[in-house]
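Coordinates as given in coords22.tsv (TSV, C-alpha atoms (C1' of nucleotides)):
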```tsv
chain	number	residue	atom	x	y	z
E	1	MET	CA	9.67	23.04	-15.51
E	2	ASP	CA	10.44	19.38	-15.54
E	3	ILE	CA	10.44	17.25	-12.45
E	4	ALA	CA	14.15	17.59	-11.83
E	5	GLU	CA	13.90	21.35	-11.69
E	6	VAL	CA	11.03	21.20	-9.27
E	7	ALA	CA	12.98	18.72	-7.19
E	8	LYS	CA	15.94	21.00	-7.09
E	9	ALA	CA	13.94	24.10	-6.32
E	10	SER	CA	11.87	22.47	-3.62
E	11	GLY	CA	14.47	20.20	-2.13
E	12	LEU	CA	12.14	17.25	-2.47
E	13	PRO	CA	13.07	14.12	-4.37
E	14	ALA	CA	11.25	13.39	-7.60
E	15	SER	CA	9.70	10.33	-6.06
E	16	THR	CA	8.01	12.51	-3.49
E	17	LEU	CA	6.71	14.83	-6.16
E	18	ARG	CA	5.17	11.93	-8.02
E	19	PHE	CA	3.75	10.68	-4.79
E	20	TYR	CA	2.22	14.06	-4.02
E	21	GLU	CA	0.76	14.27	-7.47
E	22	GLU	CA	-0.80	10.87	-7.11
E	23	LYS	CA	-2.30	12.01	-3.83
E	24	GLY	CA	-3.68	15.08	-5.53
E	25	LEU	CA	-1.62	17.57	-3.57
E	26	ILE	CA	0.02	19.02	-6.62
E	27	GLN	CA	-0.74	18.88	-10.33
E	28	SER	CA	1.43	18.66	-13.34
E	29	THR	CA	0.29	20.95	-16.11
E	30	GLY	CA	0.90	18.44	-18.84
E	31	ARG	CA	3.41	16.11	-20.36
E	32	ASN	CA	6.26	16.36	-22.74
E	33	GLY	CA	6.08	12.87	-24.08
E	34	LEU	CA	5.96	10.86	-20.91
E	35	ARG	CA	7.52	13.52	-18.82
E	36	ARG	CA	5.61	15.67	-16.43
E	37	LEU	CA	5.63	19.39	-16.81
E	38	PHE	CA	5.06	21.65	-13.86
E	39	SER	CA	4.27	25.32	-13.71
E	40	ALA	CA	6.37	27.45	-11.42
E	41	ASN	CA	3.66	27.97	-8.84
E	42	VAL	CA	3.96	24.36	-7.81
E	43	ILE	CA	6.95	25.52	-5.80
E	44	GLU	CA	4.79	27.72	-3.61
E	45	ARG	CA	2.30	24.98	-3.31
E	46	LEU	CA	5.03	22.68	-2.09
E	47	ALA	CA	6.13	25.31	0.38
E	48	LEU	CA	2.59	25.46	1.63
E	49	ILE	CA	2.55	21.70	2.01
E	50	SER	CA	5.78	21.98	3.93
E	51	LEU	CA	4.23	24.54	6.18
E	52	GLY	CA	1.31	22.29	6.82
E	53	ARG	CA	3.49	19.30	7.56
E	54	SER	CA	5.60	21.32	9.92
E	55	ALA	CA	2.52	22.46	11.72
E	56	GLY	CA	1.49	18.88	12.19
E	57	PHE	CA	-1.07	18.38	9.44
E	58	SER	CA	-1.23	15.05	7.72
E	59	LEU	CA	-1.10	14.97	3.96
E	60	ASP	CA	-4.75	14.07	3.89
E	61	GLU	CA	-5.64	17.09	5.96
E	62	ILE	CA	-3.61	19.31	3.71
E	63	GLY	CA	-5.39	17.86	0.74
E	64	GLU	CA	-8.74	18.69	2.31
E	65	MET	CA	-7.66	22.26	2.83
E	66	PHE	CA	-6.80	22.69	-0.79
E	67	THR	CA	-10.12	21.36	-1.96
E	68	SER	CA	-12.27	22.78	0.78
E	69	GLU	CA	-15.85	23.24	-0.26
E	70	GLY	CA	-16.79	26.62	1.08
E	71	PRO	CA	-14.52	29.61	1.38
E	72	ASP	CA	-14.96	29.71	5.16
E	73	ILE	CA	-14.35	26.12	6.00
E	74	ASN	CA	-10.72	26.80	5.47
E	75	ARG	CA	-10.62	29.64	7.92
E	76	ALA	CA	-12.37	27.76	10.66
E	77	LEU	CA	-10.02	24.87	10.11
E	78	LEU	CA	-7.01	27.11	10.21
E	79	LEU	CA	-8.13	28.70	13.44
E	80	ALA	CA	-8.84	25.34	14.97
E	81	LYS	CA	-5.38	24.18	14.03
E	82	ALA	CA	-3.89	27.32	15.49
E	83	ASP	CA	-5.62	26.61	18.78
E	84	GLU	CA	-4.36	23.09	18.67
E	85	LEU	CA	-0.87	24.42	18.18
E	86	ASP	CA	-1.31	26.62	21.22
E	87	ARG	CA	-2.03	23.62	23.33
E	88	THR	CA	0.82	21.68	21.86
E	89	ILE	CA	3.18	24.52	22.52
E	90	GLU	CA	2.13	24.74	26.12
E	91	GLU	CA	2.70	21.07	26.62
E	92	LEU	CA	6.04	21.11	24.94
E	93	ALA	CA	7.09	24.01	27.11
E	94	ALA	CA	6.20	21.97	30.16
E	95	MET	CA	8.23	19.07	28.82
E	96	ARG	CA	11.16	21.29	28.17
E	97	ASP	CA	11.07	22.65	31.68
E	98	GLY	CA	10.83	19.15	33.00
E	99	LEU	CA	13.82	18.03	31.02
E	100	ARG	CA	15.87	20.99	32.17
E	101	HIS	CA	14.93	20.36	35.71
E	102	ALA	CA	15.71	16.69	35.46
E	103	ALA	CA	19.13	17.55	34.14
E	104	VAL	CA	20.10	19.43	37.27
E	105	CYS	CA	17.95	17.69	39.83
E	106	LYS	CA	19.88	16.32	42.75
E	107	ALA	CA	17.39	13.68	43.76
E	108	PRO	CA	18.93	10.20	43.52
E	109	SER	CA	16.13	9.12	41.26
E	110	HIS	CA	13.86	11.39	39.30
E	111	PHE	CA	11.06	9.47	40.84
E	112	GLU	CA	11.92	10.99	44.17
E	113	CYS	CA	11.75	14.53	42.92
E	114	PRO	CA	8.35	16.12	43.36
E	115	LYS	CA	8.92	18.63	40.61
E	116	PHE	CA	9.70	15.89	38.20
E	117	LEU	CA	6.75	13.84	39.26
E	118	ARG	CA	4.51	16.78	38.63
E	119	LEU	CA	5.85	16.84	35.13
E	120	LEU	CA	5.06	13.22	34.70
E	121	ARG	CA	1.49	14.01	35.44
E	122	ILE	CA	1.40	16.64	32.74
E	123	ALA	CA	2.91	14.20	30.31
E	124	GLY	CA	0.32	11.67	31.33
E	125	LYS	CA	-2.48	14.04	30.40
E	126	ASN	CA	-0.83	14.63	27.13
E	127	ARG	CA	-0.39	11.04	26.18
E	128	PHE	CA	-0.67	10.71	22.45
E	129	ARG	CA	0.86	8.37	19.98
E	130	GLN	CA	3.97	9.80	18.57
E	131	PRO	CA	4.94	7.84	15.58
E	132	ASN	CA	8.45	7.47	14.39
E	133	LYS	CA	11.67	9.30	14.23
E	134	LEU	CA	12.62	12.39	12.28
E	135	LYS	CA	15.60	11.78	10.12
E	136	GLU	CA	17.19	15.15	9.96
E	137	ASN	CA	20.46	13.94	8.55
E	138	LYS	CA	18.63	12.66	5.52
E	139	LEU	CA	17.77	16.13	4.29
E	140	LYS	CA	20.47	17.93	2.48
E	141	ARG	CA	19.73	21.56	2.96
E	142	GLY	CA	20.71	24.33	0.61
E	143	GLY	CA	20.61	22.39	-2.61
E	144	GLN	CA	19.69	25.31	-4.85
E	145	LYS	CA	19.77	25.35	-8.55
E	146	THR	CA	23.21	25.43	-10.10
R	1	MET	CA	-0.12	-6.12	40.37
R	2	ASP	CA	-1.16	-8.12	37.39
R	3	ILE	CA	-1.07	-6.79	33.88
R	4	ALA	CA	-4.68	-5.66	33.85
R	5	GLU	CA	-4.13	-3.47	36.88
R	6	VAL	CA	-1.10	-1.90	35.31
R	7	ALA	CA	-3.08	-1.37	32.15
R	8	LYS	CA	-5.82	0.33	34.04
R	9	ALA	CA	-3.51	2.48	36.09
R	10	SER	CA	-1.38	3.54	33.15
R	11	GLY	CA	-4.03	3.74	30.50
R	12	LEU	CA	-1.97	1.54	28.22
R	13	PRO	CA	-3.29	-1.69	26.76
R	14	ALA	CA	-1.77	-4.93	27.98
R	15	SER	CA	-0.33	-5.56	24.54
R	16	THR	CA	1.72	-2.39	24.86
R	17	LEU	CA	2.97	-3.42	28.27
R	18	ARG	CA	4.13	-6.76	26.91
R	19	PHE	CA	5.72	-4.96	24.02
R	20	TYR	CA	7.53	-2.58	26.34
R	21	GLU	CA	8.73	-5.45	28.46
R	22	GLU	CA	10.07	-7.21	25.42
R	23	LYS	CA	11.90	-4.03	24.49
R	24	GLY	CA	13.37	-3.85	27.97
R	25	LEU	CA	11.66	-0.63	28.91
R	26	ILE	CA	9.88	-2.15	31.87
R	27	GLN	CA	10.33	-5.32	33.84
R	28	SER	CA	7.91	-7.70	35.41
R	29	THR	CA	9.02	-8.78	38.87
R	30	GLY	CA	8.04	-12.37	38.34
R	31	ARG	CA	5.27	-14.66	37.36
R	32	ASN	CA	2.24	-16.11	38.96
R	33	GLY	CA	2.05	-19.23	36.89
R	34	LEU	CA	2.22	-17.80	33.41
R	35	ARG	CA	1.07	-14.40	34.38
R	36	ARG	CA	3.33	-11.45	34.78
R	37	LEU	CA	3.53	-9.66	38.07
R	38	PHE	CA	4.51	-6.03	38.21
R	39	SER	CA	5.56	-3.92	41.13
R	40	ALA	CA	3.81	-0.62	41.61
R	41	ASN	CA	6.75	1.49	40.51
R	42	VAL	CA	6.26	0.33	36.96
R	43	ILE	CA	3.54	2.94	36.82
R	44	GLU	CA	6.01	5.73	37.33
R	45	ARG	CA	8.32	4.16	34.86
R	46	LEU	CA	5.53	4.16	32.33
R	47	ALA	CA	4.79	7.77	33.10
R	48	LEU	CA	8.43	8.51	32.44
R	49	ILE	CA	8.23	6.69	29.16
R	50	SER	CA	5.17	8.74	28.32
R	51	LEU	CA	7.04	11.90	29.13
R	52	GLY	CA	9.85	10.86	26.89
R	53	ARG	CA	7.53	9.98	24.03
R	54	SER	CA	5.73	13.26	24.38
R	55	ALA	CA	8.99	15.10	24.27
R	56	GLY	CA	9.87	13.35	21.05
R	57	PHE	CA	12.16	10.58	22.16
R	58	SER	CA	11.97	7.27	20.41
R	59	LEU	CA	11.56	4.16	22.50
R	60	ASP	CA	15.14	3.25	21.76
R	61	GLU	CA	16.36	6.57	23.05
R	62	ILE	CA	14.32	6.17	26.18
R	63	GLY	CA	15.78	2.73	26.65
R	64	GLU	CA	19.27	4.15	26.38
R	65	MET	CA	18.48	6.72	29.03
R	66	PHE	CA	17.42	4.08	31.46
R	67	THR	CA	20.61	2.13	30.97
R	68	SER	CA	22.93	5.04	30.42
R	69	GLU	CA	26.55	4.27	31.17
R	70	GLY	CA	27.79	7.38	32.89
R	71	PRO	CA	25.77	9.60	35.17
R	72	ASP	CA	26.34	12.67	33.02
R	73	ILE	CA	25.48	11.31	29.64
R	74	ASN	CA	21.89	11.51	30.66
R	75	ARG	CA	22.06	15.13	31.62
R	76	ALA	CA	23.70	16.26	28.45
R	77	LEU	CA	21.11	14.36	26.48
R	78	LEU	CA	18.30	15.88	28.45
R	79	LEU	CA	19.61	19.38	27.94
R	80	ALA	CA	20.11	18.77	24.26
R	81	LYS	CA	16.55	17.60	23.97
R	82	ALA	CA	15.35	20.62	25.89
R	83	ASP	CA	17.13	22.88	23.44
R	84	GLU	CA	15.59	21.00	20.60
R	85	LEU	CA	12.20	21.55	22.12
R	86	ASP	CA	12.95	25.25	22.35
R	87	ARG	CA	13.51	25.40	18.65
R	88	THR	CA	10.45	23.35	17.93
R	89	ILE	CA	8.36	25.60	20.10
R	90	GLU	CA	9.58	28.69	18.34
R	91	GLU	CA	8.75	27.22	14.99
R	92	LEU	CA	5.35	26.06	16.06
R	93	ALA	CA	4.61	29.52	17.40
R	94	ALA	CA	5.49	30.97	14.01
R	95	MET	CA	3.21	28.45	12.34
R	96	ARG	CA	0.42	29.28	14.68
R	97	ASP	CA	0.75	32.97	13.95
R	98	GLY	CA	0.83	32.21	10.28
R	99	LEU	CA	-2.31	30.13	10.47
R	100	ARG	CA	-4.12	32.84	12.40
R	101	HIS	CA	-3.04	35.40	9.92
R	102	ALA	CA	-4.06	33.27	6.99
R	103	ALA	CA	-7.50	32.88	8.52
R	104	VAL	CA	-8.19	36.59	8.43
R	105	CYS	CA	-6.04	37.62	5.50
R	106	LYS	CA	-7.92	39.49	2.81
R	107	ALA	CA	-5.55	38.70	-0.01
R	108	PRO	CA	-7.32	36.72	-2.75
R	109	SER	CA	-4.70	34.03	-2.51
R	110	HIS	CA	-2.40	33.43	0.39
R	111	PHE	CA	0.36	33.45	-2.12
R	112	GLU	CA	-0.24	37.12	-2.66
R	113	CYS	CA	0.09	37.98	0.98
R	114	PRO	CA	3.61	38.94	1.98
R	115	LYS	CA	3.07	38.02	5.59
R	116	PHE	CA	2.03	34.57	4.62
R	117	LEU	CA	4.87	34.16	2.22
R	118	ARG	CA	7.27	35.04	4.98
R	119	LEU	CA	5.78	32.19	6.94
R	120	LEU	CA	6.35	29.82	4.11
R	121	ARG	CA	9.97	30.69	4.24
R	122	ILE	CA	10.15	29.84	7.90
R	123	ALA	CA	8.42	26.57	7.22
R	124	GLY	CA	10.86	25.93	4.45
R	125	LYS	CA	13.81	26.34	6.75
R	126	ASN	CA	12.20	23.98	9.10
R	127	ARG	CA	11.58	21.28	6.61
R	128	PHE	CA	11.94	17.98	8.33
R	129	ARG	CA	10.26	14.72	7.84
R	130	GLN	CA	7.31	14.53	10.03
R	131	PRO	CA	6.21	11.01	10.22
R	132	ASN	CA	2.64	10.11	10.61
R	133	LYS	CA	-0.42	11.22	12.40
R	134	LEU	CA	-1.23	11.36	16.05
R	135	LYS	CA	-4.42	9.51	16.73
R	136	GLU	CA	-5.81	11.27	19.67
R	137	ASN	CA	-9.26	9.84	19.29
R	138	LYS	CA	-7.83	6.35	19.56
R	139	LEU	CA	-6.89	6.81	23.17
R	140	LYS	CA	-9.81	6.33	25.43
R	141	ARG	CA	-8.67	7.63	28.72
R	142	GLY	CA	-9.71	5.26	31.44
R	143	GLY	CA	-11.90	3.30	29.11
R	144	GLN	CA	-11.54	-0.35	29.97
R	145	LYS	CA	-12.79	-3.25	28.02
R	146	THR	CA	-15.19	-5.60	29.74
G	1	DG	C1'	20.70	6.87	-35.93
G	2	DC	C1'	22.18	5.32	-31.82
G	3	DT	C1'	23.45	5.46	-27.15
G	4	DT	C1'	22.61	7.38	-22.76
G	5	DG	C1'	20.57	8.96	-18.99
G	6	DA	C1'	16.61	11.21	-17.25
G	7	DC	C1'	12.15	10.04	-17.02
G	8	DT	C1'	8.11	6.74	-16.63
G	9	DT	C1'	4.89	3.07	-14.16
G	10	DC	C1'	3.75	-0.19	-10.75
G	11	DA	C1'	4.62	-3.09	-7.02
G	12	DA	C1'	6.85	-3.91	-3.07
G	13	DG	C1'	9.80	-2.51	0.79
G	14	DT	C1'	10.93	0.54	4.99
G	15	DT	C1'	10.40	2.39	9.70
G	16	DG	C1'	8.60	2.73	14.49
G	17	DA	C1'	5.32	1.66	17.54
G	18	DC	C1'	2.11	-0.91	18.26
G	19	DT	C1'	-2.18	-4.11	17.41
G	20	DT	C1'	-4.43	-8.27	16.13
G	21	DG	C1'	-5.22	-13.10	15.66
G	22	DA	C1'	-4.66	-17.92	16.36
G	23	DG	C1'	-4.15	-21.33	19.37
G	24	DC	C1'	-2.89	-22.57	24.03
G	25	DT	C1'	-2.82	-22.45	29.40
G	26	DT	C1'	-4.33	-20.93	33.84
G	27	DT	C1'	-7.04	-18.70	37.19
G	28	DT	C1'	-11.45	-17.82	39.04
G	29	DA	C1'	-16.27	-17.89	39.61
G	30	DT	C1'	-20.28	-20.93	39.78
P	1	DA	C1'	-15.75	-29.86	38.41
P	2	DT	C1'	-16.19	-27.12	34.83
P	3	DA	C1'	-16.49	-23.35	31.84
P	4	DA	C1'	-15.62	-18.67	31.01
P	5	DA	C1'	-12.48	-14.92	31.49
P	6	DA	C1'	-7.97	-13.46	31.42
P	7	DG	C1'	-3.17	-14.44	30.27
P	8	DC	C1'	0.25	-16.31	27.47
P	9	DT	C1'	3.42	-16.68	22.97
P	10	DC	C1'	4.59	-15.85	18.43
P	11	DA	C1'	3.79	-14.36	13.90
P	12	DA	C1'	1.81	-11.31	11.09
P	13	DG	C1'	-0.68	-7.08	10.15
P	14	DT	C1'	-1.31	-1.86	10.28
P	15	DC	C1'	-0.43	2.99	9.35
P	16	DA	C1'	1.69	7.17	7.14
P	17	DA	C1'	4.75	8.90	4.24
P	18	DC	C1'	7.73	7.84	1.48
P	19	DT	C1'	11.62	5.10	-0.96
P	20	DT	C1'	13.41	1.54	-3.83
P	21	DG	C1'	13.66	-1.62	-7.60
P	22	DA	C1'	12.65	-3.58	-11.89
P	23	DA	C1'	11.62	-2.95	-16.37
P	24	DG	C1'	10.38	-0.06	-19.88
P	25	DT	C1'	10.15	4.75	-22.75
P	26	DC	C1'	11.94	8.44	-24.92
P	27	DA	C1'	14.23	13.16	-25.95
P	28	DA	C1'	18.67	14.81	-26.91
P	29	DG	C1'	23.45	15.07	-27.84
P	30	DC	C1'	27.09	13.24	-30.69
```

Rewrite the structure from the file as structure tokens, please.
Amino acid sequence: MDIAEVAKASGLPASTLRFYEEKGLIQSTGRNGLRRLFSANVIERLALISLGRSAGFSLDEIGEMFTSEGPDINRALLLAKADELDRTIEELAAMRDGLRHAAVCKAPSHFECPKFLRLLRIAGKNRFRQPNKLKENKLKRGGQKT
Amino acid sequence: MDIAEVAKASGLPASTLRFYEEKGLIQSTGRNGLRRLFSANVIERLALISLGRSAGFSLDEIGEMFTSEGPDINRALLLAKADELDRTIEELAAMRDGLRHAAVCKAPSHFECPKFLRLLRIAGKNRFRQPNKLKENKLKRGGQKT
DNA sequence: GCTTGACTTCAAGTTGACTTGAGCTTTTAT
DNA sequence: ATAAAAGCTCAAGTCAACTTGAAGTCAAGC
């Protein structure tokens, strides 16, 4: 397949595919002149990358998984990530409850509501840098091959 | 309190506090000479900002909440965010299950495992740009520079 | 055989949330 | 009184994951 087909099938722009190739996350099987050729399984690979990204892996981490040295390193890593997700999920659930409570809370200021303040403390424990914004409107879903 | 106290109490570096002030997220109550003075409630405000960040709000969104025009705009926004978190949580749970499964799966390649492939499809639906990495090791809780 | 448009490379730009550095001023401890 | 420690401002740098732009190449259709 050429890059346009992969782009269409995966929903990712060609620039991203080139970028991923440069990073070593995918490979092109060869060239037709200048043009990259991809085998069909790159689509699954891209889906796997998507999965990883959605689960919070960085591209570098995903790259490490693909090239992991032993056969078991992977598994340990996967389990560790699963545990991490468990924690994240718990925290997000607490946040969600806090938000819902805040939305109906009658206290004049949230700062005067003990429930809310308890939430703040949870959030405080969970303080991590959260980078920038998701741009959901940028992704045009459903673009499947014509 | 002076900025160092706030930094200590909140766990945020002074540079971040200045940055937040510049963005209008917190206010200093005045100056002692050059130096900013903060009232104690800035701590709670910062905790609230932390909560918002953890829940996925951008600083701009948090700023809007603080200065929201009507009293109900806030609530709708909070509920919407809570719903968003619900979806996120569901997806993360699916990821987690997928990771756990992948870790024990006997299939020679994950691509040959139907369970795993089902996961990929979920991840595919959920494809959104996920920005960059959390740096959890960067935050030294309570660690203060001498 | 020539245009055209999809592809190429490489460098630089974008975004959000900060951080860092240079060069000053002020407070505080000796 | 003086020097170090802590603050200050403002500009520029950083990071991840891409995107964009310029300038060139080339396969294919007419």

Item to complete: Figure out the distance between CA of Lys115 (chain R) and CA of Gly63 (chain E), please, to one decimal in Å.
Response: 22.4 Å

Using all atoms listed in the file, I'd like a table of the residues in chain G that come within 7 Å of chain E; for each, show the closest atom pair and its distance in Å rounded to one decimal, ordered by chain and ascending number, as JSON lines.
```
{"residue": "G:DC7", "atom": "C1'", "partner": "E:Arg35", "partner_atom": "CA", "distance": 6.1}
{"residue": "G:DT8", "atom": "C1'", "partner": "E:Leu34", "partner_atom": "CA", "distance": 6.3}
{"residue": "G:DG16", "atom": "C1'", "partner": "E:Asn132", "partner_atom": "CA", "distance": 4.7}
{"residue": "G:DA17", "atom": "C1'", "partner": "E:Pro131", "partner_atom": "CA", "distance": 6.5}
```

Worksheet item: Which is closest to DG23 (chain G) among P:DC10, P:DA22, P:DC30, P:DA17, if we use all atoms listed in the file?
Response: P:DC10

Counting all atoms listed in the file, give me one row per residue of chain P with an atom at most 8 Å from an atom of chain E, showing the shortest contact pair and its distance in Å to one decimal, sorted by chain then residue number, as JSON lines.
```
{"residue": "P:DC18", "atom": "C1'", "partner": "E:Thr16", "partner_atom": "CA", "distance": 6.8}
{"residue": "P:DT19", "atom": "C1'", "partner": "E:Ser15", "partner_atom": "CA", "distance": 7.6}
{"residue": "P:DT25", "atom": "C1'", "partner": "E:Leu34", "partner_atom": "CA", "distance": 7.6}
{"residue": "P:DC26", "atom": "C1'", "partner": "E:Gly33", "partner_atom": "CA", "distance": 7.4}
```

Keeping only C-alpha atoms (C1' of nucleotides), write the selected residues to a file as an mmCIF file, keeping the file's coordinate frame.
```cif
data_model
loop_
_atom_site.group_PDB
_atom_site.id
_atom_site.type_symbol
_atom_site.label_atom_id
_atom_site.label_comp_id
_atom_site.auth_asym_id
_atom_site.auth_seq_id
_atom_site.Cartn_x
_atom_site.Cartn_y
_atom_site.Cartn_z
ATOM 1 C "C1'" DC P 18 7.730 7.840 1.480
ATOM 2 C "C1'" DT P 19 11.620 5.100 -0.960
ATOM 3 C "C1'" DT P 25 10.150 4.750 -22.750
ATOM 4 C "C1'" DC P 26 11.940 8.440 -24.920
#
```

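When only C-alpha atoms are used to measure the gap to Cys105 (chain R), the shortest distance among R:Ile62, R:Val6, R:Leu117, R:Leu46 belongs to R:Leu117.
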
Set up a box along x, y and z of the file covering all listed atoms of region 3-8 of chain P, add 5 Å on every one of the six sides, and write the centre and edge lengths in Å to one decimal, as JSON.
```
{"center_x": -8.1, "center_y": -18.4, "center_z": 29.7, "size_x": 26.7, "size_y": 19.9, "size_z": 14.4}
```

Item to complete: One decimal, Å: what's the distance from CA of Asp83 (chain R) over to CA of Arg96 (chain E), could you say?
Response: 7.8 Å

Worksheet item: List as a ChimeraX atom specification: which residues have an atom within 10 Å of (-5.5, 27.3, 12.0), counting only C-alpha atoms (C1' of nucleotides)?
Response: /E:52,55,74-85 /R:95-103
